[in-house]
$ cat coords19.cif   # mmCIF, C-alpha atoms
data_data
loop_
_atom_site.group_PDB
_atom_site.id
_atom_site.type_symbol
_atom_site.label_atom_id
_atom_site.label_comp_id
_atom_site.auth_asym_id
_atom_site.auth_seq_id
_atom_site.Cartn_x
_atom_site.Cartn_y
_atom_site.Cartn_z
ATOM 1 C CA MET A 62 5.889 -14.825 5.157
ATOM 2 C CA THR A 63 7.481 -11.405 5.533
ATOM 3 C CA ALA A 64 8.622 -8.765 3.089
ATOM 4 C CA ASN A 65 11.041 -7.074 5.463
ATOM 5 C CA LYS A 66 12.550 -7.205 8.947
ATOM 6 C CA ILE A 67 11.570 -4.939 11.815
ATOM 7 C CA VAL A 68 13.384 -1.714 10.928
ATOM 8 C CA ILE A 69 12.422 1.938 10.520
ATOM 9 C CA PRO A 70 12.079 2.539 6.762
ATOM 10 C CA LYS A 71 13.594 5.480 4.925
ATOM 11 C CA GLN A 72 11.052 8.147 4.080
ATOM 12 C CA ASP A 73 10.130 9.252 0.573
ATOM 13 C CA PRO A 74 10.884 13.016 0.415
ATOM 14 C CA PHE A 75 8.250 13.570 -2.299
ATOM 15 C CA PHE A 76 5.281 11.645 -0.918
ATOM 16 C CA TYR A 77 1.924 13.387 -1.382
ATOM 17 C CA VAL A 78 -1.366 12.486 0.290
ATOM 18 C CA GLU A 79 -4.800 14.024 0.348
ATOM 19 C CA SER A 80 -5.051 16.502 3.204
ATOM 20 C CA ASP A 81 -8.003 14.603 4.720
ATOM 21 C CA THR A 82 -5.966 11.388 4.701
ATOM 22 C CA LEU A 83 -3.043 13.135 6.373
ATOM 23 C CA ARG A 84 -5.314 14.368 9.156
ATOM 24 C CA VAL A 85 -6.623 10.840 9.690
ATOM 25 C CA LEU A 86 -3.078 9.462 9.961
ATOM 26 C CA GLN A 87 -2.079 12.184 12.410
ATOM 27 C CA ARG A 88 -5.095 11.312 14.565
ATOM 28 C CA VAL A 89 -4.265 7.616 14.364
ATOM 29 C CA GLU A 90 -0.810 8.469 15.661
ATOM 30 C CA LYS A 91 -2.353 10.279 18.638
ATOM 31 C CA ILE A 92 -4.740 7.403 19.413
ATOM 32 C CA SER A 93 -1.851 4.938 19.300
ATOM 33 C CA LYS A 94 -0.301 6.731 22.269
ATOM 34 C CA LYS A 95 -3.257 5.484 24.324
ATOM 35 C CA HIS A 96 -3.632 1.970 22.921
ATOM 36 C CA PRO A 97 -2.892 -0.083 19.767
ATOM 37 C CA VAL A 98 -5.012 0.876 16.767
ATOM 38 C CA ASN A 99 -6.055 -0.701 13.450
ATOM 39 C CA VAL A 100 -6.345 1.015 10.046
ATOM 40 C CA LEU A 101 -7.695 -0.536 6.831
ATOM 41 C CA ILE A 102 -6.549 1.047 3.557
ATOM 42 C CA SER A 103 -8.588 0.096 0.506
ATOM 43 C CA GLY A 104 -8.232 1.180 -3.094
ATOM 44 C CA ARG A 105 -7.347 0.258 -6.645
ATOM 45 C CA GLN A 106 -4.168 -1.582 -7.523
ATOM 46 C CA GLY A 107 -1.179 0.734 -7.721
ATOM 47 C CA CYS A 108 -2.691 3.746 -5.943
ATOM 48 C CA GLY A 109 -0.079 3.733 -3.162
ATOM 49 C CA LYS A 110 -1.645 1.702 -0.345
ATOM 50 C CA SER A 111 1.561 -0.091 0.672
ATOM 51 C CA SER A 112 3.614 3.056 0.130
ATOM 52 C CA ILE A 113 1.524 5.105 2.547
ATOM 53 C CA VAL A 114 2.013 2.479 5.272
ATOM 54 C CA ARG A 115 5.778 2.623 4.752
ATOM 55 C CA GLN A 116 5.710 6.437 4.749
ATOM 56 C CA TYR A 117 3.667 6.506 7.967
ATOM 57 C CA ALA A 118 6.298 4.347 9.665
ATOM 58 C CA ALA A 119 9.111 6.521 8.300
ATOM 59 C CA VAL A 120 7.538 9.864 9.226
ATOM 60 C CA PHE A 121 6.719 8.815 12.775
ATOM 61 C CA LYS A 122 9.998 6.891 13.165
ATOM 62 C CA ARG A 123 8.395 3.534 13.799
ATOM 63 C CA PRO A 124 9.770 0.079 12.963
ATOM 64 C CA LEU A 125 7.843 -1.651 10.187
ATOM 65 C CA ALA A 126 7.161 -5.334 9.511
ATOM 66 C CA THR A 127 5.124 -6.432 6.482
ATOM 67 C CA PHE A 128 3.315 -9.755 6.180
ATOM 68 C CA GLN A 129 1.843 -11.252 3.000
ATOM 69 C CA ILE A 130 -1.625 -12.473 3.970
ATOM 70 C CA GLY A 131 -2.210 -13.743 0.437
ATOM 71 C CA ILE A 132 -0.053 -16.826 1.032
ATOM 72 C CA LEU A 133 -1.768 -17.985 4.241
ATOM 73 C CA SER A 134 -3.449 -21.366 3.860
ATOM 74 C CA GLU A 135 -4.273 -22.304 7.461
ATOM 75 C CA PRO A 136 -4.937 -20.717 10.884
ATOM 76 C CA GLY A 137 -1.826 -19.929 12.899
ATOM 77 C CA GLN A 138 0.465 -19.853 9.882
ATOM 78 C CA LEU A 139 1.475 -16.263 10.635
ATOM 79 C CA TYR A 140 3.008 -17.267 13.931
ATOM 80 C CA GLY A 141 5.356 -20.108 13.012
ATOM 81 C CA GLU A 142 5.643 -23.734 11.937
ATOM 82 C CA HIS A 143 6.657 -27.150 13.218
ATOM 83 C CA VAL A 144 9.951 -28.327 11.744
ATOM 84 C CA LEU A 145 11.978 -31.483 12.036
ATOM 85 C CA GLU A 146 15.482 -30.937 13.453
ATOM 86 C CA ASN A 147 17.821 -33.869 14.160
ATOM 87 C CA GLY A 148 14.890 -36.243 14.230
ATOM 88 C CA GLU A 149 12.962 -34.081 16.697
ATOM 89 C CA THR A 150 9.911 -31.944 15.962
ATOM 90 C CA LYS A 151 10.319 -28.356 17.123
ATOM 91 C CA TYR A 152 8.266 -25.191 16.746
ATOM 92 C CA ARG A 153 9.978 -22.374 14.855
ATOM 93 C CA PRO A 154 8.312 -18.966 15.365
ATOM 94 C CA TYR A 155 8.153 -16.483 12.497
ATOM 95 C CA LEU A 156 8.668 -12.719 12.692
ATOM 96 C CA PHE A 157 5.007 -11.963 13.396
ATOM 97 C CA PRO A 158 5.064 -12.747 17.152
ATOM 98 C CA GLU A 159 8.138 -10.545 17.532
ATOM 99 C CA ALA A 160 6.522 -7.712 15.555
ATOM 100 C CA ILE A 161 3.312 -7.544 17.575
ATOM 101 C CA GLN A 162 5.365 -7.529 20.796
ATOM 102 C CA THR A 163 7.655 -4.706 19.606
ATOM 103 C CA PRO A 164 6.529 -1.342 21.079
ATOM 104 C CA ASN A 165 5.367 1.223 18.477
ATOM 105 C CA CYS A 166 5.781 -1.250 15.618
ATOM 106 C CA VAL A 167 3.784 -0.790 12.419
ATOM 107 C CA VAL A 168 2.435 -4.217 11.457
ATOM 108 C CA HIS A 169 1.352 -4.274 7.808
ATOM 109 C CA LEU A 170 -1.081 -7.029 6.823
ATOM 110 C CA GLU A 171 -0.855 -6.928 3.036
ATOM 111 C CA GLU A 172 -3.756 -8.193 0.887
ATOM 112 C CA ILE A 173 -5.828 -9.028 3.931
ATOM 113 C CA ASN A 174 -8.781 -10.129 1.785
ATOM 114 C CA ARG A 175 -6.731 -12.599 -0.262
ATOM 115 C CA PRO A 176 -5.815 -15.530 2.048
ATOM 116 C CA GLU A 177 -5.720 -18.967 0.443
ATOM 117 C CA HIS A 178 -8.047 -20.197 3.190
ATOM 118 C CA PRO A 179 -10.699 -17.859 4.727
ATOM 119 C CA LYS A 180 -10.169 -19.296 8.237
ATOM 120 C CA ALA A 181 -6.479 -18.414 8.075
ATOM 121 C CA LEU A 182 -7.326 -15.035 9.623
ATOM 122 C CA ASN A 183 -9.181 -16.416 12.650
ATOM 123 C CA MET A 184 -6.264 -15.941 15.022
ATOM 124 C CA LEU A 185 -6.077 -12.237 14.156
ATOM 125 C CA PHE A 186 -9.481 -11.437 15.629
ATOM 126 C CA SER A 187 -8.434 -11.254 19.276
ATOM 127 C CA LEU A 188 -5.239 -9.331 18.428
ATOM 128 C CA LEU A 189 -7.296 -6.673 16.671
ATOM 129 C CA ALA A 190 -10.004 -6.508 19.351
ATOM 130 C CA GLU A 191 -9.940 -4.929 22.804
ATOM 131 C CA ASP A 192 -8.148 -7.942 24.330
ATOM 132 C CA ARG A 193 -5.052 -7.444 22.160
ATOM 133 C CA GLN A 194 -3.758 -10.905 23.014
ATOM 134 C CA VAL A 195 -3.780 -14.469 21.727
ATOM 135 C CA TRP A 196 -2.852 -17.804 23.257
ATOM 136 C CA MET A 197 -0.532 -20.154 21.356
ATOM 137 C CA ASP A 198 0.217 -23.577 22.839
ATOM 138 C CA GLU A 199 3.709 -23.342 21.383
ATOM 139 C CA LEU A 200 4.444 -19.738 22.431
ATOM 140 C CA GLY A 201 2.152 -19.084 25.367
ATOM 141 C CA LEU A 202 0.218 -15.829 25.791
ATOM 142 C CA LEU A 203 1.147 -13.151 23.247
ATOM 143 C CA ASN A 204 0.217 -9.570 24.113
ATOM 144 C CA VAL A 205 0.253 -6.710 21.623
ATOM 145 C CA ALA A 206 2.848 -4.162 22.757
ATOM 146 C CA GLU A 207 2.110 -0.529 23.540
ATOM 147 C CA GLY A 208 1.783 1.809 20.577
ATOM 148 C CA VAL A 209 1.487 -0.899 17.910
ATOM 149 C CA VAL A 210 -0.445 0.161 14.801
ATOM 150 C CA PHE A 211 -1.908 -2.535 12.551
ATOM 151 C CA PHE A 212 -2.359 -1.509 8.923
ATOM 152 C CA ALA A 213 -4.277 -3.792 6.583
ATOM 153 C CA THR A 214 -4.307 -3.091 2.848
ATOM 154 C CA MET A 215 -6.463 -4.581 0.133
ATOM 155 C CA ASN A 216 -7.724 -4.293 -3.417
ATOM 156 C CA GLU A 217 -11.486 -4.606 -3.321
ATOM 157 C CA GLY A 218 -13.951 -5.296 -6.130
ATOM 158 C CA GLU A 219 -15.199 -7.938 -8.537
ATOM 159 C CA GLU A 220 -12.340 -7.215 -10.943
ATOM 160 C CA TYR A 221 -9.752 -8.526 -8.466
ATOM 161 C CA ILE A 222 -9.494 -12.292 -8.835
ATOM 162 C CA GLY A 223 -8.747 -14.295 -5.709
ATOM 163 C CA THR A 224 -10.026 -11.752 -3.213
ATOM 164 C CA GLU A 225 -12.623 -12.563 -0.570
ATOM 165 C CA THR A 226 -15.362 -10.380 0.849
ATOM 166 C CA MET A 227 -13.918 -9.205 4.133
ATOM 167 C CA ASP A 228 -15.645 -10.621 7.214
ATOM 168 C CA PRO A 229 -17.816 -7.800 8.660
ATOM 169 C CA ALA A 230 -16.665 -8.734 12.181
ATOM 170 C CA LEU A 231 -13.057 -8.254 11.078
ATOM 171 C CA ARG A 232 -13.712 -5.055 9.126
ATOM 172 C CA ASP A 233 -15.495 -3.611 12.165
ATOM 173 C CA ARG A 234 -12.164 -3.564 14.031
ATOM 174 C CA PHE A 235 -10.584 -1.017 11.659
ATOM 175 C CA TYR A 236 -10.665 2.664 10.880
ATOM 176 C CA THR A 237 -10.985 2.879 7.100
ATOM 177 C CA VAL A 238 -9.067 4.994 4.586
ATOM 178 C CA LEU A 239 -10.087 4.906 0.921
ATOM 179 C CA MET A 240 -7.402 5.748 -1.640
ATOM 180 C CA ASP A 241 -7.332 6.477 -5.343
ATOM 181 C CA TYR A 242 -4.731 7.640 -7.836
ATOM 182 C CA ILE A 243 -3.302 11.048 -6.994
ATOM 183 C CA PRO A 244 -4.428 13.966 -9.239
ATOM 184 C CA MET A 245 -2.615 14.543 -12.515
ATOM 185 C CA GLU A 246 -0.818 17.722 -11.474
ATOM 186 C CA VAL A 247 0.437 16.148 -8.263
ATOM 187 C CA GLU A 248 1.623 12.987 -10.024
ATOM 188 C CA ALA A 249 3.407 15.076 -12.652
ATOM 189 C CA GLU A 250 5.158 17.054 -9.899
ATOM 190 C CA VAL A 251 6.303 13.800 -8.261
ATOM 191 C CA LEU A 252 7.714 12.511 -11.582
ATOM 192 C CA ALA A 253 9.558 15.764 -12.210
ATOM 193 C CA GLN A 254 11.029 15.961 -8.696
ATOM 194 C CA LYS A 255 12.129 12.334 -8.538
ATOM 195 C CA THR A 256 13.541 11.850 -12.044
ATOM 196 C CA GLY A 257 14.628 15.316 -13.158
ATOM 197 C CA ILE A 258 12.506 15.418 -16.311
ATOM 198 C CA SER A 259 10.810 18.696 -17.190
ATOM 199 C CA ARG A 260 7.360 19.389 -15.802
ATOM 200 C CA GLU A 261 6.012 19.621 -19.342
ATOM 201 C CA THR A 262 7.271 16.103 -20.128
ATOM 202 C CA ALA A 263 5.954 14.827 -16.791
ATOM 203 C CA GLN A 264 2.544 16.279 -17.585
ATOM 204 C CA GLU A 265 2.597 14.596 -20.995
ATOM 205 C CA ILE A 266 3.359 11.214 -19.395
ATOM 206 C CA VAL A 267 0.619 11.622 -16.806
ATOM 207 C CA ARG A 268 -1.969 12.668 -19.418
ATOM 208 C CA ILE A 269 -1.305 9.463 -21.326
ATOM 209 C CA ILE A 270 -1.267 7.328 -18.164
ATOM 210 C CA ASN A 271 -4.598 8.725 -17.016
ATOM 211 C CA ARG A 272 -6.151 8.093 -20.414
ATOM 212 C CA LEU A 273 -5.038 4.456 -20.115
ATOM 213 C CA ARG A 274 -6.506 4.228 -16.612
ATOM 214 C CA ASP A 275 -9.844 5.676 -17.703
ATOM 215 C CA HIS A 276 -10.152 3.999 -21.100
ATOM 216 C CA SER A 277 -13.796 2.991 -21.588
ATOM 217 C CA ASP A 278 -13.089 -0.288 -23.428
ATOM 218 C CA SER A 279 -9.970 -1.656 -21.754
ATOM 219 C CA PRO A 280 -8.817 0.380 -18.733
ATOM 220 C CA ILE A 281 -5.318 -0.379 -17.422
ATOM 221 C CA ASP A 282 -4.321 -0.001 -13.780
ATOM 222 C CA VAL A 283 -1.052 1.942 -13.967
ATOM 223 C CA SER A 284 0.598 2.538 -10.599
ATOM 224 C CA THR A 285 2.560 5.656 -9.752
ATOM 225 C CA ARG A 286 5.521 3.293 -9.417
ATOM 226 C CA THR A 287 5.115 2.416 -13.103
ATOM 227 C CA SER A 288 4.746 6.091 -13.988
ATOM 228 C CA LEU A 289 8.131 6.638 -12.328
ATOM 229 C CA MET A 290 9.648 3.804 -14.363
ATOM 230 C CA ILE A 291 8.427 5.525 -17.514
ATOM 231 C CA ALA A 292 9.812 8.883 -16.392
ATOM 232 C CA GLU A 293 13.194 7.330 -15.526
ATOM 233 C CA MET A 294 13.402 5.852 -19.018
ATOM 234 C CA VAL A 295 12.585 9.244 -20.529
ATOM 235 C CA ALA A 296 15.198 10.898 -18.301
ATOM 236 C CA ILE A 297 17.954 8.861 -19.968
ATOM 237 C CA GLY A 298 16.851 9.634 -23.511
ATOM 238 C CA ALA A 299 13.880 7.451 -24.466
ATOM 239 C CA SER A 300 10.842 9.049 -26.061
ATOM 240 C CA VAL A 301 7.620 9.051 -24.058
ATOM 241 C CA ARG A 302 6.127 6.612 -26.572
ATOM 242 C CA GLU A 303 9.064 4.203 -26.236
ATOM 243 C CA ALA A 304 9.119 4.403 -22.451
ATOM 244 C CA ILE A 305 5.415 3.575 -22.165
ATOM 245 C CA ILE A 306 5.731 0.630 -24.550
ATOM 246 C CA TYR A 307 8.734 -0.765 -22.652
ATOM 247 C CA SER A 308 7.108 -0.295 -19.254
ATOM 248 C CA LEU A 309 3.567 -1.463 -19.985
ATOM 249 C CA GLN A 310 3.932 -3.858 -22.948
ATOM 250 C CA ILE A 311 0.917 -2.065 -24.361
ATOM 251 C CA ASN A 312 -0.448 -2.735 -27.829
ATOM 252 C CA ARG A 313 1.161 -0.138 -30.091
ATOM 253 C CA GLU A 314 -2.032 0.552 -32.085
ATOM 254 C CA HIS A 315 -3.935 1.134 -28.840
ATOM 255 C CA LEU A 316 -1.257 3.558 -27.650
ATOM 256 C CA GLU A 317 -1.150 5.412 -30.971
ATOM 257 C CA SER A 318 -4.924 5.964 -30.905
ATOM 258 C CA ILE A 319 -4.646 7.455 -27.410
ATOM 259 C CA LEU A 320 -1.727 9.680 -28.450
ATOM 260 C CA LEU A 321 -3.718 10.917 -31.438
ATOM 261 C CA THR A 322 -6.745 11.691 -29.281
ATOM 262 C CA LEU A 323 -4.603 13.577 -26.772
ATOM 263 C CA HIS A 324 -2.923 15.515 -29.582
ATOM 264 C CA LEU A 325 -6.311 16.646 -30.852
ATOM 265 C CA GLU A 326 -7.351 17.603 -27.325
ATOM 266 C CA LYS A 327 -4.147 19.483 -26.530
ATOM 267 C CA GLY A 328 -4.773 22.826 -24.924
ATOM 268 C CA ILE A 329 -7.942 21.764 -23.150
ATOM 269 C CA ALA A 330 -7.289 22.094 -19.420
ATOM 270 C CA GLU A 331 -8.450 19.388 -17.059
ATOM 271 C CA VAL A 332 -9.587 20.593 -13.634
ATOM 272 C CA GLN A 333 -7.862 18.876 -10.716
ATOM 273 C CA ASN A 334 -7.941 19.524 -6.974
ATOM 274 C CA ALA A 335 -4.175 19.398 -6.660
ATOM 275 C CA ASN A 336 -4.214 21.976 -3.879
ATOM 276 C CA GLU A 337 -5.952 19.397 -1.666
ATOM 277 C CA TYR A 338 -2.851 17.194 -1.709
ATOM 278 C CA VAL A 339 0.051 17.897 0.625
ATOM 279 C CA LEU A 340 3.514 16.519 1.336
ATOM 280 C CA PHE A 341 3.547 13.830 4.007
ATOM 281 C CA VAL A 342 7.073 13.984 5.440
ATOM 282 C CA LYS A 343 8.805 14.506 8.759
ATOM 283 C CA PRO A 344 8.825 18.189 9.846
ATOM 284 C CA ASN A 345 11.967 20.169 8.967
ATOM 285 C CA ASP A 346 13.232 17.466 6.550
#

$ encode --input "coords19.cif" --output "structure tokens"
Amino acid sequence: MTANKIVIPKQDPFFYVESDTLRVLQRVEKISKKHPVNVLISGRQGCGKSSIVRQYAAVFKRPLATFQIGILSEPGQLYGEHVLENGETKYRPYLFPEAIQTPNCVVHLEEINRPEHPKALNMLFSLLAEDRQVWMDELGLLNVAEGVVFFATMNEGEEYIGTETMDPALRDRFYTVLMDYIPMEVEAEVLAQKTGISRETAQEIVRIINRLRDHSDSPIDVSTRTSLMIAEMVAIGASVREAIIYSLQINREHLESILLTLHLEKGIAEVQNANEYVLFVKPND
């Protein structure tokens, strides 16, 4: 049910966000000093939704607990389960009740629009509303602790199989942040800083990656995480072509056609608003 325990994550020293998004997160942090707050982050697969939640927790020195909503099949499943021990049925709570009762905890609800059963989210409604509490026969009254921030992340769109349209009553409880892939120049800078490859090579990788993402016939969602895998392979001696093939399992003819097109276009600058992206890290780090 969980992807991690309740600990403060280590920050990424080269994490870039759009300046508008950073301002929103800073304001969320201020609001959380008054009462718990909810933030919904939506965007394409691989654009950094989960990473920004982890970075928020790291920057503001908050414990983080992540919960996979996509595996929920019934109401109450987040909280615990009945188990048989020595012939006796007992209730075993999961990490979720502890997380929501931990002051200043970041509670990440991953893939909130992908539960196996749509009613599996019913018991979240009161936790995310003004009441900030829920009654469980097995656990009693659970109150959300001071300073808790709920982050929900989701891929949204017809292309994402298994997702559900988010209940408007649930969506209404969240501030919303929309994310997309970071600009080419920023992504290239991240690859260069994190892997040690030259900026020219990083730019070459990102040009190819963005052509794959925007391909008119068969676009491929390539996360920044995958871009880093490609750069790491290049850093130890692989060619860019080899690294992309190993990392994406892409059809070689498809890749060669893109490389040829980019070669013919070389020298044509692409305009990006890279100056609108800023580092999101703890001050003085």

$ resolve_selection --input "coords19.cif" --expression "the PyMOL selection byres ((chain A and resi 100) around 6)" --output "PyMOL selection string"
chain A and resi 99+101+212+235-237

$ write_last_selection --input "coords19.cif" --atoms "C-alpha atoms" --output "compact mmCIF listing (two decimals), in the frame of the given file"
# COMPACT_ATOMS: atom_id res chain seq x y z
CA ASN A 99 -6.06 -0.70 13.45
CA LEU A 101 -7.70 -0.54 6.83
CA PHE A 212 -2.36 -1.51 8.92
CA PHE A 235 -10.58 -1.02 11.66
CA TYR A 236 -10.66 2.66 10.88
CA THR A 237 -10.98 2.88 7.10

$ closest_residue --input "coords19.cif" --among "A:Val205, A:Ile132, A:Ile69, A:Leu200" --to "A:Val98" --atoms "all atoms listed in the file"
A:Val205

$ resolve_selection --input "coords19.cif" --expression "the PyMOL selection byres ((chain A and resi 257-269) around 8)" --output "PyMOL selection string"
chain A and resi 245-246+248-250+252-256+270-273+288+291-292+295-296+301+319-320+323

$ write_last_selection --input "coords19.cif" --atoms "C-alpha atoms" --output "PDB file, in the coordinates of the input"
ATOM      1  CA  MET A 245      -2.615  14.543 -12.515  1.00  0.00           C
ATOM      2  CA  GLU A 246      -0.818  17.722 -11.474  1.00  0.00           C
ATOM      3  CA  GLU A 248       1.623  12.987 -10.024  1.00  0.00           C
ATOM      4  CA  ALA A 249       3.407  15.076 -12.652  1.00  0.00           C
ATOM      5  CA  GLU A 250       5.158  17.054  -9.899  1.00  0.00           C
ATOM      6  CA  LEU A 252       7.714  12.511 -11.582  1.00  0.00           C
ATOM      7  CA  ALA A 253       9.558  15.764 -12.210  1.00  0.00           C
ATOM      8  CA  GLN A 254      11.029  15.961  -8.696  1.00  0.00           C
ATOM      9  CA  LYS A 255      12.129  12.334  -8.538  1.00  0.00           C
ATOM     10  CA  THR A 256      13.541  11.850 -12.044  1.00  0.00           C
ATOM     11  CA  ILE A 270      -1.267   7.328 -18.164  1.00  0.00           C
ATOM     12  CA  ASN A 271      -4.598   8.725 -17.016  1.00  0.00           C
ATOM     13  CA  ARG A 272      -6.151   8.093 -20.414  1.00  0.00           C
ATOM     14  CA  LEU A 273      -5.038   4.456 -20.115  1.00  0.00           C
ATOM     15  CA  SER A 288       4.746   6.091 -13.988  1.00  0.00           C
ATOM     16  CA  ILE A 291       8.427   5.525 -17.514  1.00  0.00           C
ATOM     17  CA  ALA A 292       9.812   8.883 -16.392  1.00  0.00           C
ATOM     18  CA  VAL A 295      12.585   9.244 -20.529  1.00  0.00           C
ATOM     19  CA  ALA A 296      15.198  10.898 -18.301  1.00  0.00           C
ATOM     20  CA  VAL A 301       7.620   9.051 -24.058  1.00  0.00           C
ATOM     21  CA  ILE A 319      -4.646   7.455 -27.410  1.00  0.00           C
ATOM     22  CA  LEU A 320      -1.727   9.680 -28.450  1.00  0.00           C
ATOM     23  CA  LEU A 323      -4.603  13.577 -26.772  1.00  0.00           C
TER      24      LEU A 323
END

$ atom_distance --input "coords19.cif" --atom1 "atom CA of A:Glu171" --atom2 "atom CA of A:Thr127"
6.9 Å

$ axis_aligned_box --input "coords19.cif" --around "stretch 118-126 of chain A" --padding-each-side "5 Å" --output "AutoDock Vina command-line options"
--center_x 8.1 --center_y 2.3 --center_z 11.0 --size_x 13.7 --size_y 25.2 --size_z 15.5

$ resolve_selection --input "coords19.cif" --expression "the PyMOL selection byres ((chain A and resi 176-191) around 7)" --output "list of chain:residue names"
A:Asn99, A:Ile130, A:Gly131, A:Ile132, A:Leu133, A:Ser134, A:Glu135, A:Pro136, A:Gly137, A:Ile173, A:Asn174, A:Arg175, A:Asp192, A:Arg193, A:Gln194, A:Val195, A:Val205, A:Leu231, A:Arg234

$ closest_residue --input "coords19.cif" --among "A:Ser300, A:Ser308, A:Thr214, A:Ser318" --to "A:Gly104" --atoms "only C-alpha atoms"
A:Thr214

$ closest_residue --input "coords19.cif" --among "A:Val120, A:Ile161, A:Ile297, A:Cys108" --to "A:Gln87" --atoms "only C-alpha atoms"
A:Val120

$ atom_distance --input "coords19.cif" --atom1 "atom CA of A:Gly141" --atom2 "atom CA of A:Ala160"
12.7 Å
